[in-house]
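> Just one file: run_17.txt, with compact mmCIF, C-alpha atoms and all ligand atoms.
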# COMPACT_ATOMS: atom_id res chain seq x y z
CA MET I 1408 -96.33 42.95 86.41
CA THR I 1409 -94.56 43.17 89.73
CA SER I 1410 -95.99 45.15 92.59
CA ASN I 1411 -94.05 48.21 93.68
CA ASN I 1412 -94.10 47.61 97.38
CA VAL I 1413 -90.66 47.84 98.94
CA VAL I 1414 -89.08 44.67 100.31
CA PRO I 1415 -86.85 45.71 103.22
CA LEU I 1416 -83.47 44.17 103.94
CA CYS I 1417 -84.09 42.82 107.42
CA VAL I 1418 -86.83 44.10 109.70
CA PRO I 1419 -88.23 43.04 113.09
CA ASN I 1420 -90.88 40.34 113.29
CA LEU I 1421 -93.32 41.50 115.98
CA GLY I 1422 -96.77 40.17 116.83
CA SER I 1423 -99.36 39.55 119.49
CA LEU I 1424 -96.94 37.79 121.84
CA GLU I 1425 -94.82 40.94 122.14
CA HIS I 1426 -97.97 42.96 122.85
CA LYS I 1427 -99.02 40.51 125.54
CA TRP I 1428 -95.69 40.59 127.40
CA LEU I 1429 -95.30 44.35 127.02
CA GLU I 1430 -98.78 44.95 128.36
CA GLU I 1431 -98.04 42.72 131.32
CA ALA I 1432 -94.88 44.72 132.04
CA LEU I 1433 -96.71 48.04 131.74
CA ASN I 1434 -99.53 46.85 133.99
CA SER I 1435 -97.03 45.68 136.61
CA GLY I 1436 -95.72 49.23 136.98
CA PHE I 1437 -92.14 47.98 136.58
CA VAL I 1438 -90.95 49.84 133.52
CA SER I 1439 -87.37 50.64 134.41
CA THR I 1440 -84.22 48.77 135.41
CA ALA I 1441 -85.82 47.00 138.37
CA GLY I 1442 -88.48 44.40 137.61
CA PRO I 1443 -89.03 40.66 137.55
CA LEU I 1444 -88.82 40.19 133.78
CA ILE I 1445 -85.15 41.17 133.59
CA SER I 1446 -83.96 38.17 135.59
CA GLU I 1447 -86.60 35.98 133.97
CA PHE I 1448 -85.26 36.95 130.55
CA GLU I 1449 -81.67 36.43 131.68
CA SER I 1450 -82.31 32.92 132.89
CA ALA I 1451 -84.43 31.92 129.87
CA PHE I 1452 -81.68 33.27 127.60
CA ALA I 1453 -78.94 31.42 129.52
CA ASP I 1454 -80.97 28.21 129.17
CA TYR I 1455 -81.41 28.71 125.42
CA VAL I 1456 -77.72 29.18 124.65
CA GLY I 1457 -76.51 26.79 127.33
CA ALA I 1458 -74.57 29.19 129.55
CA GLN I 1459 -74.46 29.34 133.35
CA TYR I 1460 -74.95 33.09 133.72
CA ALA I 1461 -76.49 35.87 131.65
CA VAL I 1462 -76.41 39.60 132.36
CA ALA I 1463 -78.85 41.79 130.42
CA CYS I 1464 -77.46 45.07 129.07
CA SER I 1465 -78.71 48.13 127.23
CA SER I 1466 -77.11 47.12 123.90
CA GLY I 1467 -74.65 44.77 122.27
CA THR I 1468 -72.07 47.54 122.24
CA THR I 1469 -72.38 48.15 125.99
CA ALA I 1470 -72.22 44.37 126.58
CA ILE I 1471 -68.86 44.26 124.76
CA HIS I 1472 -67.64 47.35 126.64
CA VAL I 1473 -68.36 45.72 129.99
CA ALA I 1474 -66.99 42.32 128.93
CA LEU I 1475 -63.64 43.95 128.12
CA HIS I 1476 -63.68 45.90 131.37
CA VAL I 1477 -64.29 42.81 133.53
CA LEU I 1478 -61.29 41.12 131.91
CA GLY I 1479 -59.16 44.08 132.98
CA PHE I 1480 -58.82 45.49 129.47
CA GLY I 1481 -57.74 49.11 129.87
CA PRO I 1482 -55.43 51.87 128.67
CA GLY I 1483 -52.54 50.62 126.56
CA ASP I 1484 -54.02 47.15 126.02
CA VAL I 1485 -54.45 45.56 122.61
CA LEU I 1486 -57.61 43.85 121.36
CA ALA I 1487 -57.22 41.30 118.56
CA THR I 1488 -60.45 41.31 116.58
CA SER I 1489 -61.85 40.92 113.08
CA ASP I 1490 -60.97 43.48 110.43
CA PHE I 1491 -64.19 42.58 108.65
CA THR I 1492 -66.99 43.53 111.06
CA PHE I 1493 -69.33 46.30 112.13
CA VAL I 1494 -67.52 49.12 114.01
CA ALA I 1495 -69.29 48.27 117.27
CA SER I 1496 -66.93 45.29 117.60
CA ALA I 1497 -63.98 47.65 117.94
CA ASN I 1498 -65.21 50.89 119.50
CA PRO I 1499 -65.49 49.60 123.08
CA ALA I 1500 -61.76 48.71 123.11
CA LEU I 1501 -60.97 52.25 121.98
CA HIS I 1502 -63.27 53.69 124.66
CA ARG I 1503 -61.32 51.64 127.22
CA GLY I 1504 -58.16 53.40 126.05
CA GLY I 1505 -56.84 50.40 124.14
CA SER I 1506 -55.73 49.80 120.59
CA LEU I 1507 -56.54 47.25 117.91
CA SER I 1508 -54.83 44.38 116.19
CA LEU I 1509 -57.07 43.69 113.20
CA ILE I 1510 -57.10 40.17 111.80
CA ASP I 1511 -58.42 39.56 108.30
CA SER I 1512 -60.98 36.88 107.46
CA ALA I 1513 -60.61 33.36 106.13
CA ALA I 1514 -62.12 33.03 102.65
CA THR I 1515 -63.87 29.86 103.85
CA ASP I 1516 -66.07 31.42 106.56
CA TRP I 1517 -65.54 35.22 106.26
CA CYS I 1518 -64.63 35.26 110.00
CA MET I 1519 -61.28 35.81 111.79
CA ASP I 1520 -58.65 33.66 110.07
CA PRO I 1521 -56.86 31.56 112.74
CA ASN I 1522 -53.75 31.32 110.55
CA LEU I 1523 -53.47 35.11 110.43
CA LEU I 1524 -54.22 35.29 114.15
CA SER I 1525 -51.39 32.84 114.77
CA GLU I 1526 -49.03 34.88 112.59
CA SER I 1527 -49.98 38.06 114.44
CA LEU I 1528 -49.60 36.46 117.90
CA LYS I 1529 -46.16 35.10 117.00
CA LYS I 1530 -45.02 38.56 115.96
CA SER I 1531 -46.46 40.34 118.99
CA ALA I 1532 -45.06 37.72 121.37
CA LYS I 1533 -41.59 38.48 120.00
CA VAL I 1534 -41.90 42.16 120.89
CA GLY I 1535 -43.65 41.39 124.19
CA ARG I 1536 -46.93 43.03 123.25
CA LEU I 1537 -49.51 40.26 123.13
CA PRO I 1538 -53.19 41.22 122.96
CA LYS I 1539 -54.97 41.41 126.31
CA VAL I 1540 -58.11 39.88 124.79
CA ILE I 1541 -58.92 37.97 121.59
CA GLN I 1542 -62.37 38.79 120.26
CA PRO I 1543 -63.63 36.74 117.31
CA VAL I 1544 -66.84 37.87 115.63
CA HIS I 1545 -69.43 35.44 114.28
CA ILE I 1546 -70.03 37.24 111.03
CA LEU I 1547 -73.51 37.35 109.45
CA GLY I 1548 -74.65 34.35 111.51
CA GLN I 1549 -71.68 32.15 110.54
CA PRO I 1550 -69.64 30.77 113.47
CA ALA I 1551 -65.94 31.65 113.47
CA ASP I 1552 -63.44 28.77 113.64
CA MET I 1553 -63.62 28.56 117.43
CA GLY I 1554 -61.68 25.30 117.74
CA ALA I 1555 -58.56 26.86 116.23
CA ILE I 1556 -59.03 30.27 117.87
CA LEU I 1557 -59.53 28.79 121.35
CA ALA I 1558 -56.44 26.62 120.88
CA LEU I 1559 -54.34 29.72 120.11
CA ALA I 1560 -55.90 31.59 123.03
CA ALA I 1561 -54.98 28.70 125.33
CA GLU I 1562 -51.44 28.49 123.93
CA TYR I 1563 -50.82 32.20 124.60
CA GLU I 1564 -53.03 32.30 127.74
CA ILE I 1565 -55.22 35.11 126.44
CA PRO I 1566 -58.91 35.34 127.40
CA VAL I 1567 -61.58 35.30 124.69
CA VAL I 1568 -64.67 37.50 124.33
CA GLU I 1569 -66.99 36.36 121.56
CA ASP I 1570 -68.82 39.07 119.66
CA ALA I 1571 -71.92 36.97 118.97
CA ALA I 1572 -74.10 39.98 118.13
CA GLU I 1573 -74.87 38.46 114.73
CA GLY I 1574 -74.49 34.85 115.79
CA LEU I 1575 -77.42 34.17 118.11
CA GLY I 1576 -78.85 30.73 117.30
CA ALA I 1577 -75.77 29.54 115.40
CA THR I 1578 -73.87 26.52 116.69
CA CYS I 1579 -70.56 24.85 116.12
CA ARG I 1580 -69.37 21.40 117.01
CA ILE I 1581 -66.60 21.39 119.60
CA ASP I 1582 -65.44 17.98 120.89
CA GLY I 1583 -68.32 16.41 119.01
CA LYS I 1584 -70.98 18.50 120.73
CA ALA I 1585 -73.01 21.28 119.06
CA GLN I 1586 -72.64 24.42 121.16
CA HIS I 1587 -74.06 27.89 120.76
CA VAL I 1588 -71.64 30.58 119.68
CA GLY I 1589 -71.14 33.06 122.51
CA THR I 1590 -70.76 30.26 125.09
CA LEU I 1591 -67.31 29.07 124.04
CA GLY I 1592 -65.07 31.92 125.18
CA ASP I 1593 -64.66 33.43 128.65
CA LEU I 1594 -67.52 35.81 127.89
CA GLY I 1595 -69.96 36.11 124.99
CA CYS I 1596 -71.92 39.19 123.91
CA TYR I 1597 -75.19 39.35 121.98
CA SER I 1598 -77.26 42.18 120.52
CA PHE I 1599 -81.02 42.67 120.30
CA ASN I 1600 -80.83 45.69 118.00
CA GLY I 1601 -83.67 46.12 115.52
CA ASN I 1602 -82.00 44.31 112.62
CA LYS I 1603 -80.70 41.33 114.59
CA ILE I 1604 -82.29 37.87 114.47
CA MET I 1605 -84.37 38.71 117.55
CA THR I 1606 -84.89 42.23 118.79
CA THR I 1607 -85.98 44.04 121.91
CA GLY I 1608 -85.87 47.39 120.14
CA GLY I 1609 -82.39 47.72 121.56
CA GLY I 1610 -80.57 45.60 124.08
CA GLY I 1611 -77.77 43.15 124.67
CA MET I 1612 -76.66 40.22 126.79
CA ILE I 1613 -73.40 39.00 128.28
CA VAL I 1614 -73.07 35.28 129.02
CA THR I 1615 -70.36 33.39 130.89
CA ASN I 1616 -69.87 30.24 132.93
CA ASP I 1617 -67.70 32.09 135.46
CA PRO I 1618 -69.67 33.37 138.47
CA ALA I 1619 -67.00 35.96 139.34
CA LEU I 1620 -67.04 37.48 135.84
CA ALA I 1621 -70.86 37.49 135.82
CA GLY I 1622 -70.99 39.17 139.23
CA ARG I 1623 -68.46 41.78 138.22
CA ALA I 1624 -70.33 42.54 134.98
CA ARG I 1625 -73.59 42.93 136.89
CA HIS I 1626 -71.88 45.26 139.36
CA LEU I 1627 -70.32 47.44 136.66
CA ILE I 1628 -73.52 47.92 134.63
CA ASN I 1629 -75.32 49.11 137.74
CA GLN I 1630 -73.07 52.13 138.43
CA ALA I 1631 -70.70 49.92 140.49
CA LYS I 1632 -73.10 50.39 143.37
CA VAL I 1633 -72.14 48.56 146.54
CA ASP I 1634 -74.94 46.72 148.31
CA ALA I 1635 -74.85 48.92 151.41
CA PRO I 1636 -76.90 51.86 152.64
CA GLY I 1637 -75.89 55.37 151.59
CA TYR I 1638 -74.91 55.37 147.92
CA LEU I 1639 -71.54 53.69 148.09
CA HIS I 1640 -69.85 53.03 144.72
CA ASP I 1641 -66.47 51.36 144.55
CA GLU I 1642 -65.39 52.49 141.06
CA ALA I 1643 -66.58 54.39 137.99
CA GLY I 1644 -69.31 52.10 136.72
CA TYR I 1645 -71.82 52.38 133.91
CA ASN I 1646 -75.57 52.71 133.58
CA TYR I 1647 -75.82 49.88 131.06
CA ARG I 1648 -78.75 47.91 132.48
CA MET I 1649 -81.70 46.62 130.50
CA THR I 1650 -85.18 47.84 131.42
CA ASN I 1651 -88.12 45.65 132.39
CA LEU I 1652 -90.06 46.86 129.31
CA VAL I 1653 -87.22 45.77 127.05
CA ALA I 1654 -86.98 42.41 128.83
CA ALA I 1655 -90.71 41.88 128.24
CA VAL I 1656 -90.18 42.13 124.48
CA GLY I 1657 -87.17 39.85 124.92
CA MET I 1658 -89.30 37.15 126.57
CA ALA I 1659 -91.66 37.14 123.58
CA GLN I 1660 -88.90 37.19 120.97
CA LEU I 1661 -86.89 34.47 122.72
CA GLU I 1662 -89.91 32.19 122.65
CA ARG I 1663 -90.11 32.76 118.89
CA LEU I 1664 -86.35 32.60 118.27
CA PRO I 1665 -86.26 28.93 117.15
CA SER I 1666 -88.84 29.77 114.47
CA PHE I 1667 -86.76 32.80 113.39
CA VAL I 1668 -83.66 30.60 113.04
CA GLU I 1669 -85.68 28.13 110.98
CA ALA I 1670 -87.03 30.95 108.79
CA LYS I 1671 -83.53 32.34 108.11
CA ARG I 1672 -82.26 28.87 107.18
CA GLU I 1673 -85.22 28.27 104.88
CA ILE I 1674 -84.66 31.64 103.16
CA ALA I 1675 -80.99 30.74 102.66
CA ARG I 1676 -81.90 27.28 101.33
CA ARG I 1677 -84.25 28.81 98.75
CA TYR I 1678 -81.75 31.48 97.64
CA ASN I 1679 -78.94 28.91 97.41
CA GLU I 1680 -81.07 26.65 95.26
CA ALA I 1681 -82.23 29.51 93.01
CA PHE I 1682 -78.70 30.89 92.49
CA ALA I 1683 -76.90 27.56 92.07
CA ASP I 1684 -76.22 28.10 88.36
CA LEU I 1685 -75.32 31.82 88.60
CA PRO I 1686 -71.75 33.20 88.75
CA LEU I 1687 -72.28 34.35 92.34
CA SER I 1688 -70.56 33.12 95.49
CA ARG I 1689 -73.14 32.08 98.02
CA PRO I 1690 -72.61 32.39 101.81
CA PRO I 1691 -70.03 30.15 103.50
CA LEU I 1692 -70.98 26.54 104.09
CA VAL I 1693 -68.61 25.14 106.69
CA ALA I 1694 -68.55 21.62 108.09
CA GLU I 1695 -69.20 21.30 111.83
CA THR I 1696 -70.95 24.68 111.97
CA GLU I 1697 -74.60 25.60 111.59
CA SER I 1698 -75.03 29.18 110.43
CA THR I 1699 -78.27 31.08 110.94
CA TYR I 1700 -77.61 33.10 107.73
CA TRP I 1701 -78.65 36.12 109.77
CA LEU I 1702 -77.96 38.40 106.79
CA TYR I 1703 -77.93 36.35 103.59
CA SER I 1704 -75.07 37.73 101.50
CA VAL I 1705 -73.55 36.89 98.14
CA LEU I 1706 -70.26 37.82 96.50
CA CYS I 1707 -70.20 39.13 92.93
CA SER I 1708 -67.12 38.77 90.77
CA GLY I 1709 -66.25 42.47 90.96
CA SER I 1710 -67.38 45.76 92.44
CA ALA I 1711 -68.88 47.09 89.18
CA GLU I 1712 -71.00 43.96 88.85
CA ARG I 1713 -72.00 44.21 92.52
CA ASP I 1714 -72.99 47.87 92.14
CA GLY I 1715 -75.00 46.97 89.04
CA LEU I 1716 -76.84 44.21 90.85
CA ALA I 1717 -77.52 46.47 93.85
CA SER I 1718 -79.05 49.17 91.69
CA ALA I 1719 -81.04 46.68 89.59
CA LEU I 1720 -82.61 45.43 92.83
CA GLU I 1721 -83.15 48.92 94.18
CA ASP I 1722 -84.96 49.92 90.98
CA GLN I 1723 -87.53 47.26 91.82
CA GLY I 1724 -87.87 48.30 95.46
CA LEU I 1725 -85.77 45.38 96.71
CA MET I 1726 -83.48 46.60 99.46
CA ALA I 1727 -80.03 45.08 99.20
CA ARG I 1728 -77.04 46.40 101.15
CA LEU I 1729 -73.25 46.44 100.83
CA LEU I 1730 -71.17 44.56 103.40
CA TRP I 1731 -68.99 46.50 105.85
CA ARG I 1732 -66.02 48.61 105.01
CA PRO I 1733 -63.08 46.82 106.70
CA LEU I 1734 -62.13 48.48 109.98
CA HIS I 1735 -58.61 49.27 108.72
CA GLN I 1736 -60.26 51.53 106.12
CA GLN I 1737 -62.08 53.55 108.79
CA PRO I 1738 -60.15 56.84 109.09
CA TYR I 1739 -60.04 56.81 112.88
CA MET I 1740 -58.65 53.26 112.97
CA ALA I 1741 -55.86 53.92 110.49
CA ASP I 1742 -53.15 53.33 113.11
CA ALA I 1743 -54.43 49.87 114.09
CA ALA I 1744 -52.11 46.90 113.50
CA LEU I 1745 -53.31 44.83 110.55
CA THR I 1746 -52.66 41.24 109.52
CA THR I 1747 -54.26 40.88 106.13
CA ASN I 1748 -54.79 38.57 103.17
CA GLY I 1749 -57.14 40.92 101.30
CA VAL I 1750 -60.35 38.99 102.04
CA ALA I 1751 -62.07 41.78 104.02
CA SER I 1752 -61.43 44.25 101.21
CA GLU I 1753 -62.86 41.79 98.69
CA LEU I 1754 -65.95 41.20 100.83
CA PHE I 1755 -66.44 44.97 101.00
CA SER I 1756 -66.05 45.52 97.26
CA CYS I 1757 -67.97 42.46 96.02
CA GLY I 1758 -70.47 41.59 98.77
CA LEU I 1759 -74.20 42.23 98.81
CA SER I 1760 -76.82 41.30 101.42
CA LEU I 1761 -80.26 40.40 100.12
CA PRO I 1762 -83.69 40.83 101.74
CA CYS I 1763 -83.99 38.16 104.44
CA SER I 1764 -86.40 39.30 107.15
CA THR I 1765 -87.81 36.35 109.09
CA ASN I 1766 -91.26 37.47 107.92
CA LEU I 1767 -90.22 37.70 104.24
CA THR I 1768 -93.07 36.20 102.21
CA SER I 1769 -92.24 33.58 99.60
CA ALA I 1770 -93.80 35.86 96.96
CA ASP I 1771 -91.37 38.64 97.93
CA GLN I 1772 -88.44 36.23 98.00
CA GLU I 1773 -89.41 35.08 94.49
CA ARG I 1774 -89.34 38.74 93.38
CA VAL I 1775 -85.77 39.05 94.67
CA ILE I 1776 -84.79 35.80 92.98
CA ALA I 1777 -86.35 36.86 89.68
CA ALA I 1778 -84.55 40.21 89.79
CA VAL I 1779 -81.17 38.61 90.52
CA ARG I 1780 -81.65 36.00 87.79
CA GLN I 1781 -82.76 38.64 85.32
CA PHE I 1782 -79.62 40.68 86.07
CA TYR I 1783 -77.39 37.72 85.25
CA THR I 1784 -79.31 36.11 82.39
CA HIS I 1785 -81.03 38.85 80.41
C1 LIG D 1 -75.01 44.87 115.94
C2 LIG D 1 -73.59 44.55 116.28
C3 LIG D 1 -73.01 44.99 117.48
C4 LIG D 1 -73.62 46.00 118.39
O1 LIG D 1 -74.85 45.73 118.89
P1 LIG D 1 -75.84 46.95 119.30
O2 LIG D 1 -76.88 46.25 120.06
O3 LIG D 1 -76.31 47.56 118.05
O4 LIG D 1 -75.05 47.89 120.15
C5 LIG D 1 -71.72 44.56 117.78
N1 LIG D 1 -71.05 43.77 116.95
C6 LIG D 1 -71.55 43.35 115.78
C7 LIG D 1 -70.74 42.45 114.92
C8 LIG D 1 -72.84 43.74 115.39
O5 LIG D 1 -73.34 43.35 114.21
The structure given in the file should be rewritten as C-alpha cells.


Amino acid sequence: MTSNNVVPLCVPNLGSLEHKWLEEALNSGFVSTAGPLISEFESAFADYVGAQYAVACSSGTTAIHVALHVLGFGPGDVLATSDFTFVASANPALHRGGSLSLIDSAATDWCMDPNLLSESLKKSAKVGRLPKVIQPVHILGQPADMGAILALAAEYEIPVVEDAAEGLGATCRIDGKAQHVGTLGDLGCYSFNGNKIMTTGGGGMIVTNDPALAGRARHLINQAKVDAPGYLHDEAGYNYRMTNLVAAVGMAQLERLPSFVEAKREIARRYNEAFADLPLSRPPLVAETESTYWLYSVLCSGSAERDGLASALEDQGLMARLLWRPLHQQPYMADAALTTNGVASELFSCGLSLPCSTNLTSADQERVIAAVRQFYTH
C-alpha cells in the first residue's frame, strides 16, 4: 500500500530560522526598500559566490533586465541566449527593444552549445550584426561551458551576462579553480523565486566585479534617483529594489544554502543509482563542473514514453513536470534568429523533471523510484 499524499515537484524549505529573521525585520519597523538587512544580504551573498559586488533586486527577471540595461543593451540590439530555457531569460531583451539570436544546446550539458554560438557569431560578424550581449543560461543547475563561451566573447569583444537563476551553488573549474556560476561573466543574475534552490518568496540578485556596473545597476533599480535634494532623476529608471522583509528571508535561506545544495546532490545520487539499469538518460555529468541538480530531470526515448511515465507518476500523486518548450516555438518569438541542432526540441519532447524538493523525504523519494521502475519493468 502506498499513501496517497502528493509529492510536489520542488517546493520551498522554510523553518524556524526564516521566522526568526522575518520577525527581527518586522520588529525593526524596516519593511520596505530601506533597511539594514538588504545590504547585509547583498554582502553575505557576494561572499558566498565570490563576487565583489551584489545588488539585490525584486526578481531574477528584473535583475536580467537591469543587467542588460547597464551594458547599454537597447532598441535594435541582439541578445544571443539559449533556445532551451525559461522565457524569463529572453523577455527582458525584448522589453529593452532588442531581438534574439537563439542558440541550441549541447547534448552533453543541455546548455548553450559553444560550437553553435561560434557558428552564429561568424555569420553575424559577416553581415555586421554581432550580438550586443551573450547570455548563457546555467540550465537546471548544470553550469554552461563557460570556458568556451568566454573565449568566444573575448574573441568578438562582446560582454557576457550569465543567467544563473537556476545555477546558484553550482561551480565550474576555470584555470584550475572552482568558481561559482554567475561570477564568470561581466554580470551574473540569480533568482530567489519560490521554486529555486533558495527562495525569498520572490527576489533576485545581480553580481559583478566591476564597481561602475554595480553602481549603475543600483542607480537604475532605485528610479535613477540622483543623490541630491529635490527629487532629481537623471533617466527613466525602475523600481526593482528588494525589500527588507525579503532580505530577511534571504539571510536565513543563504545560511541554509550549503545544506540545500548537499540535499539536491544527494537526491540526484540516489536517483542516478536507482535508474542506472533503466533505458532513461540521466542528467548531464560533465567533467570540471559541479551541478546542483536544481531540478532533477531525465530523458525518455520518445515523447509517448515520456507522457506515459508522467501520467503513471501523476496517478500516484507524484508531481513530475515537462521541460521547457524551446523559445523558438513560442509564438511571439517566431522571428528570432535560430542556430539549431535539434537538442532543445528533443529535451522538450522527451524530458521530465522528478520530485526533488530539498526537504523530500527518503520515503517519498523511494515512492518516486518505485513508480519509475514499475513503469519500465512491469
Ligand atoms: C526562474 C528563472 C528566471 C526568472 O527569475 P524570477 O525570479 O522568477 O523572475 C530567469 N531565468 C531562468 C532560467 C529561470 O529559471

> Can you pull out every residue within 10 Å of stretch 1761-1776 of chain I, counting only C-alpha atoms, but drop anything in the same chain fewer than 3 positions away, and send it as an MDAnalysis selection string?

chainID I and resid 1409:1410 1412:1421 1602:1605 1666:1675 1677:1678 1681:1682 1700:1705 1717 1720 1723:1729 1758 1779:1782

> As a quick test: using all atoms listed in the file, which residues lie no more than 6 Å away from ligand LIG 1 (chain D)? Give them as a tab-separated table (two decimals) with C-alpha atoms, in the frame of the given file.


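Dumped everything to pocket_11.tsv:
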chain	number	residue	atom	x	y	z
I	1466	SER	CA	-77.11	47.12	123.90
I	1467	GLY	CA	-74.65	44.77	122.27
I	1468	THR	CA	-72.07	47.54	122.24
I	1492	THR	CA	-66.99	43.53	111.06
I	1493	PHE	CA	-69.33	46.30	112.13
I	1495	ALA	CA	-69.29	48.27	117.27
I	1496	SER	CA	-66.93	45.29	117.60
I	1570	ASP	CA	-68.82	39.07	119.66
I	1572	ALA	CA	-74.10	39.98	118.13
I	1573	GLU	CA	-74.87	38.46	114.73
I	1598	SER	CA	-77.26	42.18	120.52
I	1599	PHE	CA	-81.02	42.67	120.30
I	1600	ASN	CA	-80.83	45.69	118.00
I	1609	GLY	CA	-82.39	47.72	121.56
I	1610	GLY	CA	-80.57	45.60	124.08
I	1611	GLY	CA	-77.77	43.15	124.67

> Could you tell me how far atom CA of I:Phe1448 lies from atom CA of I:Leu1661, in Å and to one decimal?

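Spanning atom CA of I:Phe1448 to atom CA of I:Leu1661 is a straight-line distance of 8.4 Å.
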
> For I:Val1462, work out the shell of residues within 8 Å, counting all atoms listed in the file and skipping chain neighbours fewer than 6 positions away, then give it as a list in words.

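The residues that qualify are Glu1449, Met1612, Ile1613, Val1614, Ala1621, Ala1624 and Arg1625 of chain I.
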
> Using all atoms listed in the file, which residue out of I:Ala1451, I:Ala1441, I:Val1477, I:Val1568 lies closest to I:His1626?

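With all atoms listed in the file as the atom set, the closest residue is I:Val1477.
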
> Would you mind listing what lies within 8 Å of I:Ser1708 as a count of residues only, with only C-alpha atoms counted and same-chain residues fewer than 5 positions away left out?

4

> Please tabulate, as a Markdown table, the residues of stretch 1456-1537 of chain I that come within 8 Å of stretch 1749-1753 of chain I, each with its closest pair of atoms and the distance in Å to one decimal, counting all atoms listed in the file and ordering rows by chain, then residue number upward.


| residue | atom | partner | partner_atom | distance |
| --- | --- | --- | --- | --- |
| I:Asp1490 | CA | I:Ala1751 | CA | 6.7 |
| I:Phe1491 | CA | I:Ala1751 | CA | 5.2 |
| I:Asp1511 | CA | I:Ala1751 | CA | 6.0 |
| I:Ser1512 | CA | I:Val1750 | CA | 5.9 |
| I:Ala1513 | CA | I:Val1750 | CA | 7.0 |
| I:Ala1514 | CA | I:Val1750 | CA | 6.2 |
| I:Trp1517 | CA | I:Val1750 | CA | 7.7 |

> Just to confirm, what's the straight-line distance from atom CA of I:Ser1508 to atom CA of I:Ala1619 in Å (one decimal)?

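Interatomic distance here is 27.5 Å.
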
> What's the 10 Å shell around stretch 1552-1564 of chain I, counting only C-alpha atoms, without same-chain residues fewer than 2 positions away, as number ranges by chain?

I: 1513, 1515-1516, 1518-1522, 1524-1525, 1528-1529, 1532, 1537-1545, 1549-1550, 1566-1567, 1569, 1579-1582, 1588, 1591-1592, 1693, 1695-1696

> Supply stretch 1591-1605 of chain I as a tab-separated table (two decimals), keeping the file's coordinate frame, with N, CA and C atoms built in where the input has gaps.


chain	number	residue	atom	x	y	z
I	1591	LEU	N	-68.55	29.84	124.15
I	1591	LEU	CA	-67.31	29.07	124.04
I	1591	LEU	C	-66.10	29.80	124.62
I	1592	GLY	N	-66.17	31.13	124.63
I	1592	GLY	CA	-65.07	31.92	125.18
I	1592	GLY	C	-65.30	32.18	126.67
I	1593	ASP	N	-64.48	33.07	127.24
I	1593	ASP	CA	-64.66	33.43	128.65
I	1593	ASP	C	-65.96	34.19	128.84
I	1594	LEU	N	-66.28	35.05	127.87
I	1594	LEU	CA	-67.52	35.81	127.89
I	1594	LEU	C	-68.04	35.88	126.45
I	1595	GLY	N	-69.37	35.95	126.32
I	1595	GLY	CA	-69.96	36.11	124.99
I	1595	GLY	C	-70.96	37.26	125.04
I	1596	CYS	N	-71.04	38.02	123.95
I	1596	CYS	CA	-71.92	39.19	123.91
I	1596	CYS	C	-72.88	39.09	122.73
I	1597	TYR	N	-74.14	39.40	122.99
I	1597	TYR	CA	-75.19	39.35	121.98
I	1597	TYR	C	-75.86	40.72	121.87
I	1598	SER	N	-76.54	40.92	120.74
I	1598	SER	CA	-77.26	42.18	120.52
I	1598	SER	C	-78.72	41.89	120.17
I	1599	PHE	N	-79.59	42.75	120.67
I	1599	PHE	CA	-81.02	42.67	120.30
I	1599	PHE	C	-81.44	43.96	119.60
I	1600	ASN	N	-80.52	44.51	118.81
I	1600	ASN	CA	-80.83	45.69	118.00
I	1600	ASN	C	-81.92	45.32	116.97
I	1601	GLY	N	-82.52	46.34	116.38
I	1601	GLY	CA	-83.67	46.12	115.52
I	1601	GLY	C	-83.45	45.20	114.33
I	1602	ASN	N	-82.22	45.14	113.81
I	1602	ASN	CA	-82.00	44.31	112.62
I	1602	ASN	C	-81.48	42.92	112.95
I	1603	LYS	N	-81.27	42.62	114.24
I	1603	LYS	CA	-80.70	41.33	114.59
I	1603	LYS	C	-81.77	40.23	114.55
I	1604	ILE	N	-81.35	38.97	114.72
I	1604	ILE	CA	-82.29	37.87	114.47
I	1604	ILE	C	-83.48	37.91	115.44
I	1605	MET	N	-83.24	38.33	116.68
I	1605	MET	CA	-84.37	38.71	117.55
I	1605	MET	C	-84.07	40.09	118.09
